[in-house]
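Have a look at final-v1.cif; it's mmCIF, C-alpha atoms:
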data_run
#
loop_
_atom_site.group_PDB
_atom_site.id
_atom_site.type_symbol
_atom_site.label_atom_id
_atom_site.label_comp_id
_atom_site.auth_asym_id
_atom_site.auth_seq_id
_atom_site.Cartn_x
_atom_site.Cartn_y
_atom_site.Cartn_z
ATOM 1 C CA MET A 1 93.879 90.982 85.381
ATOM 2 C CA LEU A 2 92.112 93.541 87.459
ATOM 3 C CA LYS A 3 90.679 96.984 86.920
ATOM 4 C CA LEU A 4 91.324 99.733 89.417
ATOM 5 C CA LYS A 5 88.683 102.463 89.373
ATOM 6 C CA ASN A 6 88.087 105.671 91.307
ATOM 7 C CA ILE A 7 91.767 105.944 92.248
ATOM 8 C CA LYS A 8 92.171 108.870 94.642
ATOM 9 C CA LEU A 9 94.919 110.393 96.743
ATOM 10 C CA THR A 10 93.446 112.497 99.549
ATOM 11 C CA LYS A 11 95.104 113.658 102.765
ATOM 12 C CA GLY A 12 97.815 111.017 102.638
ATOM 13 C CA ILE A 13 95.448 108.141 101.809
ATOM 14 C CA ILE A 14 95.425 106.481 98.388
ATOM 15 C CA SER A 15 92.384 104.363 97.586
ATOM 16 C CA ALA A 16 90.709 102.512 94.740
ATOM 17 C CA ASP A 17 87.860 100.200 93.893
ATOM 18 C CA TYR A 18 89.016 97.010 92.198
ATOM 19 C CA GLU A 19 87.276 94.549 89.908
ATOM 20 C CA PRO A 20 88.843 91.108 89.300
ATOM 21 C CA GLU A 21 88.738 89.657 85.765
ATOM 22 C CA ASN A 22 85.757 91.733 84.514
ATOM 23 C CA SER A 23 83.613 89.863 87.032
ATOM 24 C CA GLY A 24 81.363 92.746 88.036
ATOM 25 C CA GLU A 25 82.412 92.085 91.636
ATOM 26 C CA VAL A 26 83.977 95.115 93.296
ATOM 27 C CA GLY A 27 86.297 95.364 96.262
ATOM 28 C CA LYS A 28 87.957 98.379 97.843
ATOM 29 C CA VAL A 29 91.380 99.084 99.263
ATOM 30 C CA ALA A 30 92.866 102.197 100.875
ATOM 31 C CA ILE A 31 96.329 102.656 102.336
ATOM 32 C CA ASP A 32 98.167 105.266 104.323
ATOM 33 C CA VAL A 33 100.882 106.565 101.995
ATOM 34 C CA ALA A 34 103.404 107.313 104.747
ATOM 35 C CA SER A 35 103.274 103.897 106.413
ATOM 36 C CA GLY A 36 101.973 101.696 103.598
ATOM 37 C CA ASN A 37 99.437 100.213 106.030
ATOM 38 C CA VAL A 38 95.943 99.232 104.928
ATOM 39 C CA VAL A 39 93.341 101.556 106.433
ATOM 40 C CA GLU A 40 90.298 100.187 104.617
ATOM 41 C CA GLN A 41 89.545 96.929 102.850
ATOM 42 C CA HIS A 42 86.502 95.256 101.397
ATOM 43 C CA LEU A 43 87.331 92.061 99.550
ATOM 44 C CA ALA A 44 85.686 91.198 96.249
ATOM 45 C CA GLU A 45 83.964 87.807 96.262
ATOM 46 C CA ALA A 46 86.814 86.305 94.175
ATOM 47 C CA ASP A 47 89.237 87.149 96.999
ATOM 48 C CA LYS A 48 87.336 85.464 99.852
ATOM 49 C CA THR A 49 89.446 82.280 99.841
ATOM 50 C CA PHE A 50 92.757 83.700 98.587
ATOM 51 C CA PRO A 51 93.100 87.488 98.114
ATOM 52 C CA ILE A 52 95.319 87.559 95.015
ATOM 53 C CA TYR A 53 93.451 90.454 93.380
ATOM 54 C CA PHE A 54 93.388 92.447 96.597
ATOM 55 C CA ASN A 55 97.128 91.911 96.998
ATOM 56 C CA LYS A 56 97.825 93.021 93.410
ATOM 57 C CA ALA A 57 95.683 96.137 93.926
ATOM 58 C CA LEU A 58 97.510 96.834 97.182
ATOM 59 C CA GLU A 59 100.910 96.428 95.525
ATOM 60 C CA TRP A 60 99.967 98.777 92.689
ATOM 61 C CA LEU A 61 98.646 101.452 95.063
ATOM 62 C CA ARG A 62 101.789 101.346 97.178
ATOM 63 C CA ASN A 63 103.883 101.937 94.061
ATOM 64 C CA ALA A 64 101.502 104.533 92.608
ATOM 65 C CA ALA A 65 101.676 106.664 95.737
ATOM 66 C CA THR A 66 105.086 107.875 94.537
ATOM 67 C CA LEU A 67 103.876 108.875 91.054
ATOM 68 C CA LYS A 68 103.594 112.520 90.101
ATOM 69 C CA ASP A 69 100.310 112.007 88.232
ATOM 70 C CA ILE A 70 98.008 109.288 89.527
ATOM 71 C CA PRO A 71 95.474 108.008 86.976
ATOM 72 C CA LYS A 72 91.786 107.717 87.866
ATOM 73 C CA GLU A 73 91.667 104.183 86.395
ATOM 74 C CA LYS A 74 94.235 101.508 85.679
ATOM 75 C CA ILE A 75 94.278 97.960 84.307
ATOM 76 C CA VAL A 76 96.790 95.737 86.081
ATOM 77 C CA MET A 77 97.954 92.539 84.405
ATOM 78 C CA TRP A 78 100.490 89.931 85.424
ATOM 79 C CA TYR A 79 101.437 86.414 84.380
#

Since I need it in another form, could you write the structure as structure tokens?
Amino acid sequence: MLKLKNIKLTKGIISADYEPENSGEVGKVAIDVASGNVVEQHLAEADKTFPIYFNKALEWLRNAATLKDIPKEKIVMWY
């Protein structure tokens, strides 16, 4: 599970802070909506060896870029 916070879409860039598993550790990801390319990344400590939470945040943002109304926060869960 991860929490996405401060989700913003500005000038073709969608970004969010992410927190893995209520850890208090925060990372950041931003992507260019048109290309889907990462334009900013700061990995949370939990992602230093294998960036599963970063990748889940990235996947959600890529999909959210097509939404009409983008939430300011989102909880993402998978199994």

Any chance you could resolve the PyMOL selection byres ((chain A and resi 61-71) around 12) against this file and give the residues as a VMD selection string?
chain A and resid 4 to 18 28 to 38 54 to 60 72 to 76

Those same residues, written as a PDB file, in the frame of the given file with C-alpha atoms?
ATOM      1  CA  LEU A   4      91.324  99.733  89.417  1.00  0.00           C
ATOM      2  CA  LYS A   5      88.683 102.463  89.373  1.00  0.00           C
ATOM      3  CA  ASN A   6      88.087 105.671  91.307  1.00  0.00           C
ATOM      4  CA  ILE A   7      91.767 105.944  92.248  1.00  0.00           C
ATOM      5  CA  LYS A   8      92.171 108.870  94.642  1.00  0.00           C
ATOM      6  CA  LEU A   9      94.919 110.393  96.743  1.00  0.00           C
ATOM      7  CA  THR A  10      93.446 112.497  99.549  1.00  0.00           C
ATOM      8  CA  LYS A  11      95.104 113.658 102.765  1.00  0.00           C
ATOM      9  CA  GLY A  12      97.815 111.017 102.638  1.00  0.00           C
ATOM     10  CA  ILE A  13      95.448 108.141 101.809  1.00  0.00           C
ATOM     11  CA  ILE A  14      95.425 106.481  98.388  1.00  0.00           C
ATOM     12  CA  SER A  15      92.384 104.363  97.586  1.00  0.00           C
ATOM     13  CA  ALA A  16      90.709 102.512  94.740  1.00  0.00           C
ATOM     14  CA  ASP A  17      87.860 100.200  93.893  1.00  0.00           C
ATOM     15  CA  TYR A  18      89.016  97.010  92.198  1.00  0.00           C
ATOM     16  CA  LYS A  28      87.957  98.379  97.843  1.00  0.00           C
ATOM     17  CA  VAL A  29      91.380  99.084  99.263  1.00  0.00           C
ATOM     18  CA  ALA A  30      92.866 102.197 100.875  1.00  0.00           C
ATOM     19  CA  ILE A  31      96.329 102.656 102.336  1.00  0.00           C
ATOM     20  CA  ASP A  32      98.167 105.266 104.323  1.00  0.00           C
ATOM     21  CA  VAL A  33     100.882 106.565 101.995  1.00  0.00           C
ATOM     22  CA  ALA A  34     103.404 107.313 104.747  1.00  0.00           C
ATOM     23  CA  SER A  35     103.274 103.897 106.413  1.00  0.00           C
ATOM     24  CA  GLY A  36     101.973 101.696 103.598  1.00  0.00           C
ATOM     25  CA  ASN A  37      99.437 100.213 106.030  1.00  0.00           C
ATOM     26  CA  VAL A  38      95.943  99.232 104.928  1.00  0.00           C
ATOM     27  CA  PHE A  54      93.388  92.447  96.597  1.00  0.00           C
ATOM     28  CA  ASN A  55      97.128  91.911  96.998  1.00  0.00           C
ATOM     29  CA  LYS A  56      97.825  93.021  93.410  1.00  0.00           C
ATOM     30  CA  ALA A  57      95.683  96.137  93.926  1.00  0.00           C
ATOM     31  CA  LEU A  58      97.510  96.834  97.182  1.00  0.00           C
ATOM     32  CA  GLU A  59     100.910  96.428  95.525  1.00  0.00           C
ATOM     33  CA  TRP A  60      99.967  98.777  92.689  1.00  0.00           C
ATOM     34  CA  LYS A  72      91.786 107.717  87.866  1.00  0.00           C
ATOM     35  CA  GLU A  73      91.667 104.183  86.395  1.00  0.00           C
ATOM     36  CA  LYS A  74      94.235 101.508  85.679  1.00  0.00           C
ATOM     37  CA  ILE A  75      94.278  97.960  84.307  1.00  0.00           C
ATOM     38  CA  VAL A  76      96.790  95.737  86.081  1.00  0.00           C
TER      39      VAL A  76
END

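Taking atom CA of Lys3 of chain A and atom CA of Met77 of chain A as endpoints, the distance between them is 8.9 Å.
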
The distance between atom CA of Glu45 of chain A and atom CA of Glu25 of chain A is 6.5 Å

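Look at everything within 8 Å of (88.7, 91.5, 85.6) using only C-alpha atoms, and the residues you get are Met1, Leu2, Lys3, Glu19, Pro20, Glu21, Asn22, Ser23 and Gly24 of chain A.
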